[in-house]
Amino acid sequence: MIKKRVALYALALSFTSCALLRPGANAVSNRTGSHPLEVNQRNFQESEGIRARIKAELKNDTDTKTVTLSMRLKPSEGILLSAPLGVAKALLSPEEVAFYNRLDRTYYKGSVSVIETIIPAQLSYQHIERLFLGQPLFLESLDGLQESERKEVNLLTNKTVISRVFSGDLTKPAKGYYRVGLSADKSQISFQEFQIEGFDKLKITYQHKNKDSYTPEVIRLVAGDRVLNLELEGVQLDKKLTLPFQIPLGFTTIK
């Protein structure tokens, strides 16, 4: 059990370091409206994908772990994360999660529901993609959210900025409360937070270099005593992206 938890924390760094994954056209939304929160939703052609380098830092009250990974995302198919020199790899797909570590010759393969041990909610693969791309997490529930305003002082300009906030109760994918903030220039989502019954509240905040940034440069997730900081570098579009992943022979499964 301990060994499995260690592996899952490695996956936690991996998944959340995918910060910056981008869902493809099929994963973005089946909506046709123009809700204010449907911002920055660039659709990929089916053949396109993303490559990037991710620096992830996972902290709690007693420990801090950091890792740098390469990431490949193929829309609606999978997210592949690799440690330097191929020492470890993780593959998240719509059907399952898989991970192996060459240092101790172990692997894990199981349901996507294992993500609940990392992110405190009942989320699908599509939700994970949206989460790390600065997109509304629950696209299907946007029309049920109530709009309000929030005033903040910009520490750089000392000017008051008014942003739009959308909030409301959800019944899907799980019962809970959802809140999303839209930046003052209405081009990017600045934060998301949700409280699902039985889980810690999760808050995600985003930083963009400018209002035209395609993906967030920095993502911060806070849940209970866990803080995950993510930095995305070297984003590249790739029209011939593959997700090479195979668990080596002779490795031992983590129970």
# chains A, B, ... in the order shown; residues from 1 in each chain; ligands from 1

$ residues_around --residues "stretch 228-235 of chain A" --least-positions-apart "4" --cutoff "7 Å" --atoms "only C-alpha atoms" --output "PyMOL selection string"
chain A and resi 17+19-20+50-59+217-222

$ residues_around --residues "A:Gly250" --least-positions-apart "6" --cutoff "12 Å" --atoms "only C-alpha atoms" --output "PyMOL selection string"
chain A and resi 100+102+104-107

$ write_last_selection --atoms "C-alpha atoms" --output "compact mmCIF listing (two decimals), in the first residue's frame"
# COMPACT_ATOMS: atom_id res chain seq x y z
CA TYR A 100 6.32 2.48 -14.53
CA ARG A 102 12.86 1.61 -13.98
CA ASP A 104 12.72 -0.19 -8.71
CA ARG A 105 11.29 -2.14 -11.68
CA THR A 106 7.66 -1.58 -10.68
CA TYR A 107 4.53 -0.52 -12.55

$ residues_around --residues "A:Phe166" --least-positions-apart "5" --cutoff "7 Å" --atoms "only C-alpha atoms" --output "PyMOL selection string"
chain A and resi 145-148+179-181

$ write_last_selection --atoms "C-alpha atoms" --output "CSV table (one decimal), in the first residue's frame"
chain,number,residue,atom,x,y,z
A,145,LEU,CA,-23.9,29.6,-12.6
A,146,GLN,CA,-24.8,33.0,-11.1
A,147,GLU,CA,-22.7,36.1,-12.1
A,148,SER,CA,-21.3,38.7,-9.7
A,179,ARG,CA,-16.8,29.1,-8.5
A,180,VAL,CA,-14.9,30.5,-11.5
A,181,GLY,CA,-13.2,33.9,-12.0

$ closest_residue --among "A:Ile254, A:Gly176, A:Pro244, A:His208" --to "A:Lys74" --atoms "only C-alpha atoms"
A:Pro244

$ select_by_dssp --residues "stretch 94-149 of chain A" --states "strand (DSSP E)" --output "ChimeraX atom specification"
/A:96-101,106-111,146-149

$ write_last_selection --atoms "N, CA and C atoms" --output "CSV table (one decimal), in the first residue's frame"
chain,number,residue,atom,x,y,z
A,96,GLU,N,-7.7,4.5,-18.8
A,96,GLU,CA,-6.9,4.0,-17.7
A,96,GLU,C,-5.7,4.9,-17.4
A,97,VAL,N,-5.1,4.6,-16.3
A,97,VAL,CA,-3.8,5.3,-15.9
A,97,VAL,C,-2.7,4.2,-15.9
A,98,ALA,N,-1.6,4.5,-16.4
A,98,ALA,CA,-0.5,3.5,-16.3
A,98,ALA,C,0.8,4.2,-16.0
A,99,PHE,N,1.7,3.6,-15.3
A,99,PHE,CA,3.0,4.2,-14.8
A,99,PHE,C,4.0,3.1,-14.6
A,100,TYR,N,5.3,3.4,-14.9
A,100,TYR,CA,6.3,2.5,-14.5
A,100,TYR,C,7.6,3.2,-14.1
A,101,ASN,N,8.4,2.6,-13.3
A,101,ASN,CA,9.6,3.2,-12.8
A,101,ASN,C,10.7,2.2,-12.9
A,106,THR,N,9.1,-1.4,-11.0
A,106,THR,CA,7.7,-1.6,-10.7
A,106,THR,C,6.8,-0.8,-11.7
A,107,TYR,N,5.5,-1.2,-11.7
A,107,TYR,CA,4.5,-0.5,-12.6
A,107,TYR,C,3.2,-0.5,-11.9
A,108,TYR,N,2.3,0.4,-12.4
A,108,TYR,CA,0.9,0.4,-11.9
A,108,TYR,C,0.0,0.6,-13.2
A,109,LYS,N,-1.1,0.0,-13.2
A,109,LYS,CA,-2.1,0.1,-14.3
A,109,LYS,C,-3.5,-0.1,-13.7
A,110,GLY,N,-4.3,0.9,-13.9
A,110,GLY,CA,-5.7,0.8,-13.4
A,110,GLY,C,-6.6,1.9,-13.9
A,111,SER,N,-7.7,2.0,-13.2
A,111,SER,CA,-8.8,2.9,-13.6
A,111,SER,C,-8.4,4.3,-13.5
A,146,GLN,N,-24.4,31.6,-11.3
A,146,GLN,CA,-24.8,33.0,-11.1
A,146,GLN,C,-23.6,34.0,-11.2
A,147,GLU,N,-23.8,35.1,-11.9
A,147,GLU,CA,-22.7,36.1,-12.1
A,147,GLU,C,-22.7,37.2,-11.1
A,148,SER,N,-21.5,37.5,-10.6
A,148,SER,CA,-21.3,38.7,-9.7
A,148,SER,C,-20.0,39.4,-10.1
A,149,GLU,N,-19.6,40.4,-9.3
A,149,GLU,CA,-18.4,41.1,-9.6
A,149,GLU,C,-17.5,41.0,-8.4

$ closest_residue --among "A:Asp63, A:Leu137, A:Pro36, A:Thr252" --to "A:Ala184" --atoms "only C-alpha atoms"
A:Pro36

$ closest_residue --among "A:Asn210, A:Thr171, A:Ser113, A:Ser76" --to "A:Gln126" --atoms "only C-alpha atoms"
A:Ser76

$ residues_around --residues "A:Phe138" --least-positions-apart "4" --cutoff "9 Å" --atoms "only C-alpha atoms" --output "mmCIF file with C-alpha atoms, in the first residue's frame"
data_model
loop_
_atom_site.group_PDB
_atom_site.id
_atom_site.type_symbol
_atom_site.label_atom_id
_atom_site.label_comp_id
_atom_site.auth_asym_id
_atom_site.auth_seq_id
_atom_site.Cartn_x
_atom_site.Cartn_y
_atom_site.Cartn_z
ATOM 1 C CA HIS A 127 -12.196 17.202 -17.008
ATOM 2 C CA ARG A 130 -9.781 21.253 -19.088
ATOM 3 C CA LEU A 142 -22.082 26.970 -17.061
ATOM 4 C CA LEU A 170 -23.507 21.370 -9.149
ATOM 5 C CA LYS A 172 -22.637 16.519 -11.966
ATOM 6 C CA PRO A 173 -20.083 14.971 -12.063
ATOM 7 C CA TYR A 178 -18.243 25.560 -8.144
#
